[in-house]
file data-v1.tsv (TSV, C-alpha atoms and all ligand atoms)
chain	number	residue	atom	x	y	z
A	9	MET	CA	-20.66	6.35	17.65
A	10	LYS	CA	-23.45	4.04	16.77
A	11	ASN	CA	-22.61	0.66	18.20
A	12	PRO	CA	-21.86	-2.03	15.65
A	13	GLN	CA	-24.91	-4.24	15.40
A	14	ASN	CA	-24.48	-7.66	16.81
A	15	GLN	CA	-25.48	-9.59	13.73
A	16	ARG	CA	-25.06	-12.99	15.27
A	17	THR	CA	-28.26	-14.97	15.12
A	18	VAL	CA	-29.15	-18.48	16.14
A	19	THR	CA	-26.47	-20.84	14.87
A	20	THR	CA	-28.37	-24.09	14.91
A	21	GLY	CA	-27.78	-26.08	11.75
A	22	THR	CA	-25.31	-25.03	9.12
A	23	ASN	CA	-25.08	-24.58	5.41
A	24	ALA	CA	-22.37	-25.56	3.01
A	25	GLU	CA	-20.81	-22.10	2.79
A	26	HIS	CA	-20.79	-21.66	6.56
A	27	ALA	CA	-19.22	-25.11	6.99
A	28	ARG	CA	-16.60	-24.38	4.34
A	29	LEU	CA	-15.56	-21.12	6.05
A	30	HIS	CA	-15.54	-22.80	9.43
A	31	ASN	CA	-13.39	-25.69	8.16
A	32	ARG	CA	-10.99	-23.22	6.53
A	33	ARG	CA	-10.51	-21.51	9.88
A	34	VAL	CA	-10.10	-24.83	11.68
A	35	ILE	CA	-7.31	-25.79	9.26
A	36	LEU	CA	-5.62	-22.38	9.43
A	37	GLU	CA	-5.79	-22.31	13.22
A	38	ALA	CA	-4.30	-25.82	13.47
A	39	ILE	CA	-1.39	-24.86	11.21
A	40	ARG	CA	-0.90	-21.52	12.98
A	41	GLN	CA	-0.63	-23.23	16.35
A	42	ALA	CA	1.72	-25.98	15.18
A	43	GLY	CA	3.81	-23.92	12.76
A	44	ARG	CA	3.99	-26.69	10.15
A	45	LEU	CA	1.63	-29.58	9.46
A	46	THR	CA	1.08	-32.08	6.66
A	47	ARG	CA	-2.28	-32.96	5.14
A	48	ALA	CA	-2.22	-36.23	7.10
A	49	ASP	CA	-1.58	-34.30	10.35
A	50	LEU	CA	-4.52	-32.05	9.53
A	51	THR	CA	-6.84	-34.95	8.83
A	52	ARG	CA	-5.89	-36.50	12.17
A	53	LEU	CA	-6.07	-33.30	14.20
A	54	THR	CA	-9.24	-31.80	12.76
A	55	SER	CA	-11.33	-34.96	12.22
A	56	LEU	CA	-12.13	-33.65	8.73
A	57	THR	CA	-12.07	-36.10	5.85
A	58	ALA	CA	-8.88	-36.36	3.79
A	59	GLN	CA	-10.86	-35.09	0.79
A	60	THR	CA	-12.09	-31.99	2.65
A	61	VAL	CA	-8.58	-31.23	3.94
A	62	SER	CA	-7.15	-31.67	0.48
A	63	ASN	CA	-9.76	-29.38	-1.12
A	64	ILE	CA	-9.30	-26.62	1.45
A	65	VAL	CA	-5.50	-26.85	1.42
A	66	GLY	CA	-5.59	-26.60	-2.37
A	67	GLU	CA	-7.79	-23.52	-2.18
A	68	LEU	CA	-5.65	-21.86	0.50
A	69	SER	CA	-2.39	-22.50	-1.32
A	70	ASP	CA	-3.88	-21.17	-4.58
A	71	GLU	CA	-4.82	-18.00	-2.68
A	72	GLY	CA	-1.29	-17.70	-1.31
A	73	VAL	CA	-2.44	-18.10	2.28
A	74	LEU	CA	-0.51	-21.36	2.75
A	75	LEU	CA	3.06	-22.14	1.81
A	76	VAL	CA	3.67	-25.65	0.47
A	77	HIS	CA	7.17	-26.77	1.38
A	78	ALA	CA	9.39	-29.40	-0.25
A	79	ALA	CA	8.34	-32.97	0.50
A	80	GLU	CA	10.12	-34.65	3.40
A	81	LYS	CA	12.26	-37.54	2.24
A	82	GLY	CA	12.37	-40.98	3.81
A	83	GLY	CA	9.79	-43.61	4.59
A	84	ARG	CA	7.63	-45.46	2.15
A	85	GLY	CA	4.72	-44.27	0.07
A	86	GLN	CA	4.05	-40.68	-0.89
A	87	PRO	CA	6.39	-38.32	1.02
A	88	PRO	CA	4.51	-35.91	3.35
A	89	VAL	CA	4.42	-32.26	2.29
A	90	PRO	CA	4.62	-29.75	5.15
A	91	LEU	CA	2.35	-26.73	5.03
A	92	SER	CA	2.74	-23.42	6.86
A	93	ILE	CA	0.94	-20.10	6.94
A	94	ASN	CA	2.37	-17.61	4.51
A	95	PRO	CA	2.93	-14.43	6.56
A	96	GLU	CA	2.49	-12.48	3.33
A	97	GLY	CA	-0.78	-14.30	2.60
A	98	GLY	CA	-2.81	-11.47	4.08
A	99	TYR	CA	-2.46	-8.14	5.84
A	100	SER	CA	-4.56	-6.45	8.45
A	101	ILE	CA	-4.66	-2.82	9.52
A	102	GLY	CA	-5.60	-1.55	12.96
A	103	PHE	CA	-6.26	1.95	14.25
A	104	HIS	CA	-6.55	3.42	17.67
A	105	VAL	CA	-8.34	6.74	17.33
A	106	GLU	CA	-8.32	8.67	20.58
A	107	GLN	CA	-8.27	12.17	22.00
A	108	HIS	CA	-4.63	13.02	21.26
A	109	ARG	CA	-3.38	10.56	18.68
A	110	VAL	CA	-4.28	8.25	15.86
A	111	ILE	CA	-2.10	5.12	15.90
A	112	GLY	CA	-2.13	2.88	12.85
A	113	VAL	CA	-0.44	-0.53	12.52
A	114	LEU	CA	0.02	-2.94	9.62
A	115	LEU	CA	0.21	-6.64	10.56
A	116	ASP	CA	1.01	-9.64	8.42
A	117	LEU	CA	-1.06	-12.84	8.59
A	118	LEU	CA	1.00	-14.13	11.51
A	119	GLY	CA	0.28	-10.93	13.42
A	120	VAL	CA	3.78	-9.49	13.11
A	121	THR	CA	3.96	-5.69	12.88
A	122	GLN	CA	5.15	-4.53	9.45
A	123	ALA	CA	4.63	-0.80	9.86
A	124	GLN	CA	3.38	1.68	12.46
A	125	VAL	CA	2.43	5.35	12.38
A	126	THR	CA	1.41	7.74	15.13
A	127	LEU	CA	-0.32	10.99	14.18
A	128	THR	CA	-0.90	13.80	16.64
A	129	VAL	CA	-4.49	15.07	16.73
A	130	SER	CA	-6.78	16.88	19.12
A	131	TYR	CA	-10.20	15.36	19.78
A	132	PRO	CA	-10.73	14.41	16.11
A	133	THR	CA	-14.27	14.19	14.81
A	134	PHE	CA	-15.02	11.46	12.30
A	135	GLU	CA	-14.73	13.98	9.47
A	136	GLN	CA	-11.27	14.98	10.70
A	137	ALA	CA	-10.08	11.42	11.31
A	138	LEU	CA	-11.34	10.00	8.01
A	139	PRO	CA	-8.67	11.57	5.76
A	140	LEU	CA	-5.93	10.46	8.20
A	141	ILE	CA	-7.26	6.90	8.18
A	142	LEU	CA	-7.55	6.86	4.38
A	143	GLN	CA	-4.08	8.28	3.93
A	144	THR	CA	-2.52	5.77	6.34
A	145	VAL	CA	-4.30	2.82	4.72
A	146	ASP	CA	-3.11	4.09	1.35
A	147	THR	CA	0.49	4.28	2.58
A	148	PHE	CA	0.30	0.74	3.97
A	149	ARG	CA	-1.19	-0.58	0.74
A	150	GLN	CA	1.58	1.05	-1.27
A	151	GLN	CA	4.10	-0.75	0.92
A	152	ARG	CA	2.49	-4.10	-0.02
A	153	PRO	CA	1.28	-3.37	-3.56
A	154	THR	CA	0.30	-6.97	-4.35
A	155	GLY	CA	-0.85	-7.77	-0.80
A	156	ARG	CA	-4.30	-9.09	0.04
A	157	PHE	CA	-5.80	-6.84	2.71
A	158	LEU	CA	-8.24	-8.54	5.05
A	159	GLY	CA	-9.74	-5.43	6.57
A	160	VAL	CA	-9.41	-2.55	8.97
A	161	GLY	CA	-10.11	-2.70	12.72
A	162	ILE	CA	-10.79	0.65	14.35
A	163	ALA	CA	-10.84	1.08	18.12
A	164	LEU	CA	-12.37	4.12	19.77
A	165	PRO	CA	-13.08	5.20	23.32
A	166	GLY	CA	-16.56	4.04	24.40
A	167	PRO	CA	-19.25	3.85	25.52
A	168	PHE	CA	-21.21	3.72	22.26
A	169	SER	CA	-24.72	5.14	21.93
A	170	VAL	CA	-25.62	5.59	25.57
A	171	GLU	CA	-27.90	8.52	26.20
A	172	GLY	CA	-26.28	11.00	28.59
A	173	MET	CA	-22.91	9.22	28.64
A	174	THR	CA	-21.49	8.91	25.15
A	175	ALA	CA	-21.08	12.54	24.23
A	176	VAL	CA	-20.69	14.28	27.60
A	177	GLY	CA	-17.72	15.35	29.68
A	178	PRO	CA	-14.02	15.94	28.99
A	179	THR	CA	-13.36	12.38	27.86
A	180	ALA	CA	-15.99	12.34	25.12
A	181	MET	CA	-15.03	12.61	21.46
A	182	SER	CA	-17.80	14.33	19.56
A	183	GLY	CA	-18.59	13.83	15.89
A	184	TRP	CA	-18.78	10.03	16.06
A	185	GLU	CA	-22.51	9.67	16.71
A	186	GLU	CA	-23.64	9.24	13.10
A	187	PRO	CA	-25.01	5.70	12.60
A	188	SER	CA	-23.75	5.59	9.00
A	189	ILE	CA	-20.06	5.83	10.03
A	190	PRO	CA	-19.21	2.11	9.78
A	191	GLU	CA	-20.77	1.94	6.32
A	192	ARG	CA	-19.05	5.14	5.17
A	193	LEU	CA	-15.70	3.82	6.35
A	194	GLN	CA	-16.22	0.55	4.57
A	195	GLN	CA	-17.13	2.29	1.34
A	196	ALA	CA	-14.27	4.77	1.52
A	197	LEU	CA	-11.72	2.04	2.28
A	198	GLY	CA	-13.14	-0.68	0.04
A	199	LEU	CA	-12.37	-3.16	2.82
A	200	PRO	CA	-14.31	-4.81	5.64
A	201	VAL	CA	-14.33	-2.61	8.75
A	202	LEU	CA	-14.74	-3.62	12.35
A	203	ILE	CA	-15.30	-1.04	15.08
A	204	GLU	CA	-14.61	-1.91	18.68
A	205	ASN	CA	-14.13	0.00	21.91
A	206	ASP	CA	-10.55	0.70	22.95
A	207	ALA	CA	-10.46	-1.35	26.17
A	208	THR	CA	-11.77	-4.46	24.40
A	209	ALA	CA	-9.20	-4.08	21.62
A	210	ALA	CA	-6.48	-3.50	24.24
A	211	SER	CA	-7.33	-6.76	25.99
A	212	MET	CA	-6.87	-8.61	22.68
A	213	GLY	CA	-3.56	-6.72	22.31
A	214	GLU	CA	-2.42	-7.96	25.73
A	215	ARG	CA	-3.60	-11.50	24.94
A	216	LEU	CA	-1.61	-11.68	21.70
A	217	TYR	CA	1.32	-9.34	22.33
A	218	GLY	CA	1.60	-8.82	26.06
A	219	ILE	CA	1.44	-10.32	29.50
A	220	ALA	CA	-1.89	-12.14	29.00
A	221	SER	CA	-0.71	-14.76	26.47
A	222	ASP	CA	-1.42	-17.68	28.85
A	223	LEU	CA	-4.53	-16.22	30.46
A	224	HIS	CA	-8.06	-17.47	29.82
A	225	ASN	CA	-9.96	-15.15	32.16
A	226	PHE	CA	-8.82	-11.61	32.75
A	227	VAL	CA	-10.03	-8.05	33.04
A	228	HIS	CA	-7.98	-5.29	31.47
A	229	LEU	CA	-8.43	-1.79	32.88
A	230	PHE	CA	-7.44	0.75	30.25
A	231	ILE	CA	-6.76	4.24	31.57
A	232	GLY	CA	-7.05	6.83	28.83
A	233	SER	CA	-8.71	10.22	29.08
A	234	GLY	CA	-11.50	8.15	30.61
A	235	LEU	CA	-11.52	4.58	31.86
A	236	GLY	CA	-12.75	1.32	30.34
A	237	ALA	CA	-12.35	-2.38	31.01
A	238	GLY	CA	-11.78	-5.11	28.43
A	239	LEU	CA	-13.28	-8.46	29.42
A	240	TYR	CA	-11.60	-11.66	28.22
A	241	LEU	CA	-13.64	-14.46	29.75
A	242	GLY	CA	-13.69	-18.19	29.07
A	243	ASN	CA	-10.92	-17.67	26.50
A	244	ARG	CA	-12.78	-15.17	24.38
A	245	LEU	CA	-13.64	-11.50	24.33
A	246	TYR	CA	-16.88	-10.59	25.97
A	247	SER	CA	-18.30	-7.41	24.53
A	248	GLY	CA	-21.91	-7.45	25.71
A	249	HIS	CA	-25.18	-7.03	23.86
A	250	TRP	CA	-24.44	-3.44	22.72
A	251	HIS	CA	-20.64	-3.70	22.65
A	252	ASN	CA	-20.46	-1.73	25.88
A	253	ALA	CA	-19.51	-4.47	28.36
A	254	GLY	CA	-16.69	-3.22	30.56
A	255	GLU	CA	-17.54	0.45	30.12
A	256	ILE	CA	-17.14	0.92	33.85
A	257	GLY	CA	-16.25	4.63	33.80
A	258	HIS	CA	-19.70	5.55	35.08
A	259	MET	CA	-19.99	2.74	37.60
A	260	THR	CA	-20.89	4.28	40.97
A	261	VAL	CA	-18.08	3.49	43.39
A	262	ILE	CA	-18.46	6.29	45.94
A	263	PRO	CA	-22.18	6.86	46.68
A	264	GLY	CA	-22.69	10.60	47.21
A	265	GLY	CA	-19.20	11.22	45.79
A	266	LYS	CA	-17.99	13.67	43.18
A	267	PRO	CA	-20.69	14.87	40.80
A	268	CYS	CA	-20.23	13.52	37.28
A	269	TYR	CA	-21.13	15.01	33.91
A	270	CYS	CA	-23.43	12.00	33.36
A	271	GLY	CA	-25.68	13.26	36.17
A	272	ASN	CA	-24.72	10.65	38.76
A	273	GLU	CA	-22.34	11.02	41.67
A	274	GLY	CA	-19.20	9.07	42.55
A	275	CYS	CA	-18.50	7.57	39.11
A	276	LEU	CA	-15.22	5.64	38.88
A	277	GLU	CA	-13.91	7.77	36.00
A	278	ARG	CA	-14.18	10.90	38.16
A	279	TYR	CA	-11.42	9.38	40.33
A	280	ILE	CA	-9.36	7.18	38.00
A	281	SER	CA	-8.71	8.63	34.55
A	282	ILE	CA	-6.28	11.06	32.98
A	283	ALA	CA	-9.05	13.67	33.06
A	284	ALA	CA	-9.41	13.16	36.83
A	285	LEU	CA	-5.66	13.49	37.35
A	286	LEU	CA	-5.53	16.71	35.32
A	287	GLU	CA	-8.47	18.14	37.21
A	288	HIS	CA	-6.78	17.32	40.50
A	289	LEU	CA	-3.61	19.10	39.33
A	290	GLY	CA	-5.62	22.16	38.26
A	291	GLN	CA	-4.68	21.58	34.61
A	292	PRO	CA	-6.99	21.76	31.58
A	293	ASP	CA	-8.55	18.33	31.40
A	294	ASP	CA	-7.96	17.94	27.65
A	295	GLN	CA	-4.15	18.03	27.96
A	296	ASP	CA	-1.84	15.33	26.59
A	297	LEU	CA	0.55	13.92	29.21
A	298	THR	CA	3.35	12.98	26.81
A	299	SER	CA	5.10	16.34	27.32
A	300	TRP	CA	5.28	15.97	31.11
A	301	ASP	CA	8.62	15.92	32.91
A	302	LEU	CA	8.20	12.92	35.18
A	303	ASN	CA	11.57	13.52	36.83
A	304	ASP	CA	10.12	16.61	38.45
A	305	PRO	CA	9.67	15.57	42.12
A	306	SER	CA	7.01	18.21	42.77
A	307	LEU	CA	4.89	16.70	39.99
A	308	LEU	CA	5.16	13.23	41.48
A	309	ASP	CA	4.24	14.62	44.93
A	310	ALA	CA	1.12	16.12	43.38
A	311	VAL	CA	0.39	12.79	41.66
A	312	ASP	CA	0.68	11.04	45.03
A	313	ALA	CA	-1.91	13.42	46.48
A	314	TRP	CA	-4.22	12.47	43.61
A	315	LEU	CA	-3.61	8.76	44.25
A	316	GLU	CA	-4.66	9.24	47.87
A	317	GLU	CA	-8.09	10.15	46.62
A	318	ALA	CA	-8.19	7.84	43.58
A	319	VAL	CA	-7.03	4.56	45.10
A	320	PRO	CA	-10.05	3.86	47.38
A	321	ALA	CA	-12.38	4.29	44.38
A	322	LEU	CA	-10.32	1.88	42.29
A	323	ARG	CA	-10.11	-0.66	45.13
A	324	GLN	CA	-13.88	-0.62	45.26
A	325	ALA	CA	-14.10	-1.21	41.49
A	326	ILE	CA	-11.59	-4.06	41.69
A	327	ASN	CA	-13.61	-5.67	44.47
A	328	ILE	CA	-16.74	-5.50	42.29
A	329	LEU	CA	-15.01	-6.82	39.15
A	330	GLU	CA	-13.41	-9.70	41.04
A	331	SER	CA	-16.64	-10.59	42.80
A	332	VAL	CA	-18.65	-10.65	39.59
A	333	LEU	CA	-16.14	-12.16	37.15
A	334	ASP	CA	-13.68	-14.25	39.22
A	335	PRO	CA	-10.76	-13.40	36.87
A	336	GLN	CA	-7.27	-14.96	37.00
A	337	THR	CA	-5.87	-11.42	37.25
A	338	ILE	CA	-6.68	-7.80	36.49
A	339	LEU	CA	-4.32	-5.93	34.16
A	340	ILE	CA	-3.90	-2.18	34.17
A	341	SER	CA	-2.42	-0.12	31.32
A	342	GLY	CA	-3.21	2.84	29.10
A	343	PHE	CA	-1.82	6.29	28.45
A	344	LEU	CA	-1.03	7.16	32.04
A	345	PRO	CA	2.81	7.45	32.03
A	346	GLU	CA	4.40	4.24	33.29
A	347	PRO	CA	5.99	5.69	36.45
A	348	ILE	CA	2.56	6.98	37.51
A	349	LEU	CA	0.91	3.66	36.64
A	350	ALA	CA	3.52	1.84	38.72
A	351	ARG	CA	2.82	4.16	41.67
A	352	LEU	CA	-0.90	3.55	41.28
A	353	ILE	CA	-0.49	-0.24	41.27
A	354	ALA	CA	1.83	-0.14	44.29
A	355	ARG	CA	-0.60	2.08	46.21
A	356	LEU	CA	-3.54	-0.29	45.62
A	357	GLU	CA	-2.13	-2.72	48.20
A	358	PRO	CA	-3.62	-3.81	50.47
A	359	LEU	CA	-6.57	-4.61	48.19
A	360	SER	CA	-9.97	-5.21	49.74
A	361	ARG	CA	-10.72	-8.84	50.50
A	362	SER	CA	-12.71	-10.55	47.75
A	363	ILE	CA	-13.22	-14.01	46.29
A	364	SER	CA	-9.87	-13.40	44.56
A	365	SER	CA	-7.98	-13.35	47.89
A	366	ARG	CA	-6.65	-16.90	47.55
A	367	ALA	CA	-3.39	-18.48	48.62
A	368	ASP	CA	-3.24	-20.72	45.54
A	369	ARG	CA	-3.13	-17.89	43.02
A	370	GLN	CA	-0.75	-18.26	40.11
A	371	TYR	CA	-0.76	-14.55	39.25
A	372	PRO	CA	-0.98	-11.40	41.38
A	373	ARG	CA	-4.46	-9.88	41.60
A	374	ILE	CA	-3.25	-6.72	39.83
A	375	GLN	CA	-0.54	-6.51	37.16
A	376	MET	CA	0.67	-3.88	34.73
A	377	GLY	CA	0.00	-4.62	31.05
A	378	THR	CA	3.09	-5.05	28.86
A	379	ALA	CA	1.83	-4.70	25.29
A	380	GLY	CA	2.69	-0.99	25.28
A	381	GLN	CA	0.83	2.00	23.97
A	382	ASP	CA	0.17	0.33	20.62
A	383	ALA	CA	-1.86	-2.41	22.36
A	384	VAL	CA	-5.21	-1.03	21.20
A	385	ALA	CA	-4.21	-0.65	17.53
A	386	LEU	CA	-2.56	-4.10	17.56
A	387	GLY	CA	-5.66	-5.64	19.12
A	388	ALA	CA	-7.93	-3.95	16.56
A	389	ALA	CA	-5.81	-5.24	13.66
A	390	ALA	CA	-5.57	-8.71	15.21
A	391	LEU	CA	-9.36	-8.97	15.33
A	392	MET	CA	-9.41	-8.87	11.52
A	393	ILE	CA	-6.81	-11.66	11.34
A	394	LEU	CA	-8.77	-13.76	13.80
A	395	ALA	CA	-11.77	-13.33	11.52
A	396	GLU	CA	-9.69	-15.05	8.82
A	397	ILE	CA	-8.10	-17.71	10.98
A	398	SER	CA	-9.83	-18.50	14.24
A	399	PRO	CA	-12.74	-20.96	14.28
A	400	ASP	CA	-13.96	-19.34	17.48
A	401	TYR	CA	-14.17	-15.98	15.86
A	402	GLU	CA	-17.85	-16.02	15.06
A	403	ALA	CA	-18.64	-16.72	18.66
A	404	LEU	CA	-16.43	-13.78	19.55
A	405	LEU	CA	-17.19	-10.84	17.32
A	406	LYS	CA	-18.31	-10.31	13.79
A	407	PRO	CA	-17.09	-7.73	11.28
A	408	GLU	CA	-19.60	-5.30	9.81
B	501	ZN	ZN	-20.71	9.42	35.45
call {"tool": "encode", "arguments": {"input": "data-v1.tsv", "output": "structure tokens", "more": "lines below"}}
Ligand SMILES: [Zn+2]
result
Amino acid sequence: MKNPQNQRTVTTGTNAEHARLHNRRVILEAIRQAGRLTRADLTRLTSLTAQTVSNIVGELSDEGVLLVHAAEKGGRGQPPVPLSINPEGGYSIGFHVEQHRVIGVLLDLLGVTQAQVTLTVSYPTFEQALPLILQTVDTFRQQRPTGRFLGVGIALPGPFSVEGMTAVGPTAMSGWEEPSIPERLQQALGLPVLIENDATAASMGERLYGIASDLHNFVHLFIGSGLGAGLYLGNRLYSGHWHNAGEIGHMTVIPGGKPCYCGNEGCLERYISIAALLEHLGQPDDQDLTSWDLNDPSLLDAVDAWLEEAVPALRQAINILESVLDPQTILISGFLPEPILARLIARLEPLSRSISSRADRQYPRIQMGTAGQDAVALGAAALMILAEISPDYEALLKPE
């Protein structure tokens, strides 16, 4: 997959249209956080002029984005009119396209899930995934025939466009290299499209729907066929210059270790990933784990033997991530079945000493994510809502 171009340029100065969009988001974000606010509240909270607030509120209520409630009685002068976000004022769609499944979710403007579909696939190319995406979007649109659709977020396994890494090995999905894919998707869907890597989308999923709701600095390790990390730093997503930040699968953790399909030795993903587990168990490395009987004690014994080898590599990676990023915590989730994930997390103790070994910690150094297996699709859809609402969004990511 061609990485989405980072279109952000220098943001010194502003123009009227930019300011209008920014002020719209400031107002929407203030109302979203408070639930209900009046125009006077907005003027006070946002430092915008009463005229600007009034103009934008008028525009947003005409568009159906804001609900204008009955005036509150009592007091003197004009009674205040509470405003709230209309959940039906906009819809966003998110997809997680990965080796074994395509998950699609429909969210309303408040980020509440309205519909979800999971389709079984096997290493879909873009040409194979496109009709599934179109069909799902069509189904969602039929469910909200008069709805305003903000766009479609699509999350895929990374890394994007790295020579010798993107299309090699058992975790790679081929048929996504064509640079015109984002444009083709946008044309086929008739909606804005944002493409992000799965671990980054998953960290947004955990921030909005899972255990990370109060966190400002965290790393989210996402174990799929391969391994990636989502970086949420300083209260925003960090995706790097080429949208590959956190693609730590090919980080060398065991010098002189297992040879990797990228040409290096001792890459993290060769130890911690579903592909590595399958290889250890002598199974084809493109298998889906959902059919496994996890009550079978012999399987869990074999998993423990894998963990013996995998855990030192992951401890090393955790030490590096903590040392570089100083996160509040590191979350782990993904498609590894939960009992195996729990065993992995338990086996990581004792962790290597790092700058994160502090007595005054509020959170454990390692925690399991709680947003579930839809976290990536939810995060991808949420990114499109943030584009509509959050004033920080432009500093965060930008849709195509
Ligand atoms: Zn490698």
call {"tool": "atom_distance", "arguments": {"input": "data-v1.tsv", "atom1": "CA of Arg369 in chain A", "atom2": "CA of Val261 in chain A"}}
result
26.1 Å
call {"tool": "residues_near_ligand", "arguments": {"input": "data-v1.tsv", "ligand": "ligand ZN 501 (chain B)", "cutoff": "10 Å", "atoms": "all atoms listed in the file", "output": "JSON, numbers by chain"}}
result
{"A": [172, 173, 176, 177, 256, 257, 258, 259, 260, 266, 267, 268, 269, 270, 271, 272, 273, 274, 275, 276, 277, 278]}
call {"tool": "residues_near_point", "arguments": {"input": "data-v1.tsv", "point": "(-2.4, 17.8, 22.4)", "cutoff": "6 Å", "atoms": "all atoms listed in the file", "output": "list of chain:residue names"}}
result
A:His108, A:Ser130, A:Gln295, A:Asp296
call {"tool": "residues_near_point", "arguments": {"input": "data-v1.tsv", "point": "(3.4, -8.3, 27.5)", "cutoff": "10 Å", "atoms": "all atoms listed in the file", "output": "PDB file with C-alpha atoms, in the coordinates of the input"}}
result
ATOM      1  CA  GLY A 213      -3.560  -6.720  22.310  1.00  0.00           C
ATOM      2  CA  GLU A 214      -2.420  -7.960  25.730  1.00  0.00           C
ATOM      3  CA  ARG A 215      -3.600 -11.500  24.940  1.00  0.00           C
ATOM      4  CA  LEU A 216      -1.610 -11.680  21.700  1.00  0.00           C
ATOM      5  CA  TYR A 217       1.320  -9.340  22.330  1.00  0.00           C
ATOM      6  CA  GLY A 218       1.600  -8.820  26.060  1.00  0.00           C
ATOM      7  CA  ILE A 219       1.440 -10.320  29.500  1.00  0.00           C
ATOM      8  CA  ALA A 220      -1.890 -12.140  29.000  1.00  0.00           C
ATOM      9  CA  SER A 221      -0.710 -14.760  26.470  1.00  0.00           C
ATOM     10  CA  MET A 376       0.670  -3.880  34.730  1.00  0.00           C
ATOM     11  CA  GLY A 377       0.000  -4.620  31.050  1.00  0.00           C
ATOM     12  CA  THR A 378       3.090  -5.050  28.860  1.00  0.00           C
ATOM     13  CA  ALA A 379       1.830  -4.700  25.290  1.00  0.00           C
ATOM     14  CA  GLY A 380       2.690  -0.990  25.280  1.00  0.00           C
ATOM     15  CA  ALA A 383      -1.860  -2.410  22.360  1.00  0.00           C
TER      16      ALA A 383
END
call {"tool": "atom_distance", "arguments": {"input": "data-v1.tsv", "atom1": "CA of Gln194 in chain A", "atom2": "CA of Gly72 in chain A"}}
result
24.3 Å
call {"tool": "atom_distance", "arguments": {"input": "data-v1.tsv", "atom1": "CA of Glu37 in chain A", "atom2": "CA of Leu394 in chain A"}}
result
9.1 Å
call {"tool": "closest_residue", "arguments": {"input": "data-v1.tsv", "among": "A:Glu191, A:Asp382, A:Glu204, A:Glu186", "to": "Leu114 in chain A", "atoms": "all atoms listed in the file"}}
result
A:Asp382
call {"tool": "residues_around", "arguments": {"input": "data-v1.tsv", "residues": "Ala318 in chain A", "least_positions_apart": "3", "cutoff": "8 Å", "atoms": "only C-alpha atoms", "output": "PyMOL selection string"}}
result
chain A and resi 279-280+314-315+321-322
call {"tool": "write_last_selection", "arguments": {"input": "data-v1.tsv", "atoms": "C-alpha atoms", "output": "JSON list (two decimals), in the coordinates of the input"}}
result
[["chain", "number", "residue", "atom", "x", "y", "z"],
["A", 279, "TYR", "CA", -11.42, 9.38, 40.33],
["A", 280, "ILE", "CA", -9.36, 7.18, 38.00],
["A", 314, "TRP", "CA", -4.22, 12.47, 43.61],
["A", 315, "LEU", "CA", -3.61, 8.76, 44.25],
["A", 321, "ALA", "CA", -12.38, 4.29, 44.38],
["A", 322, "LEU", "CA", -10.32, 1.88, 42.29]]
call {"tool": "residues_around", "arguments": {"input": "data-v1.tsv", "residues": "Leu68 in chain A", "least_positions_apart": "2", "cutoff": "12 Å", "atoms": "only C-alpha atoms", "output": "ChimeraX atom specification"}}
result
/A:28-29,31-33,35-36,39,61-66,70-76,91-94,97-98,396-397
call {"tool": "closest_atom_pairs", "arguments": {"input": "data-v1.tsv", "of": "range 23-130 of chain A", "to": "range 337-352 of chain A", "cutoff": "12 Å", "atoms": "only C-alpha atoms", "output": "Markdown table"}}
result
| residue | atom | partner | partner_atom | distance |
| --- | --- | --- | --- | --- |
| A:His104 | CA | A:Gly342 | CA | 11.9 |
| A:Glu106 | CA | A:Phe343 | CA | 10.5 |
| A:Gln107 | CA | A:Phe343 | CA | 10.9 |
| A:His108 | CA | A:Phe343 | CA | 10.2 |
| A:Arg109 | CA | A:Phe343 | CA | 10.8 |
call {"tool": "residues_around", "arguments": {"input": "data-v1.tsv", "residues": "Asp293 in chain A", "least_positions_apart": "2", "cutoff": "8 Å", "atoms": "all atoms listed in the file", "output": "PyMOL selection string"}}
result
chain A and resi 178+282-284+286-287+291+295
call {"tool": "write_last_selection", "arguments": {"input": "data-v1.tsv", "atoms": "C-alpha atoms", "output": "PDB file, keeping the file's coordinate frame"}}
result
ATOM      1  CA  PRO A 178     -14.020  15.940  28.990  1.00  0.00           C
ATOM      2  CA  ILE A 282      -6.280  11.060  32.980  1.00  0.00           C
ATOM      3  CA  ALA A 283      -9.050  13.670  33.060  1.00  0.00           C
ATOM      4  CA  ALA A 284      -9.410  13.160  36.830  1.00  0.00           C
ATOM      5  CA  LEU A 286      -5.530  16.710  35.320  1.00  0.00           C
ATOM      6  CA  GLU A 287      -8.470  18.140  37.210  1.00  0.00           C
ATOM      7  CA  GLN A 291      -4.680  21.580  34.610  1.00  0.00           C
ATOM      8  CA  GLN A 295      -4.150  18.030  27.960  1.00  0.00           C
TER       9      GLN A 295
END
call {"tool": "closest_residue", "arguments": {"input": "data-v1.tsv", "among": "A:Leu333, A:Ala385, A:Ala78, A:Ile162", "to": "Ser364 in chain A", "atoms": "all atoms listed in the file"}}
result
A:Leu333
call {"tool": "closest_residue", "arguments": {"input": "data-v1.tsv", "among": "A:Ile262, A:Leu164, A:Ala310, A:Leu329", "to": "Leu229 in chain A", "atoms": "all atoms listed in the file"}}
result
A:Leu329
call {"tool": "residues_around", "arguments": {"input": "data-v1.tsv", "residues": "range 148-152 of chain A", "least_positions_apart": "2", "cutoff": "12 Å", "atoms": "all atoms listed in the file", "output": "MDAnalysis selection string"}}
result
chainID A and resid 96:102 112:116 121:125 141:146 154:160 197:199
call {"tool": "residues_around", "arguments": {"input": "data-v1.tsv", "residues": "Leu356 in chain A", "least_positions_apart": "6", "cutoff": "8 Å", "atoms": "all atoms listed in the file", "output": "PyMOL selection string"}}
result
chain A and resi 319-320+322-323
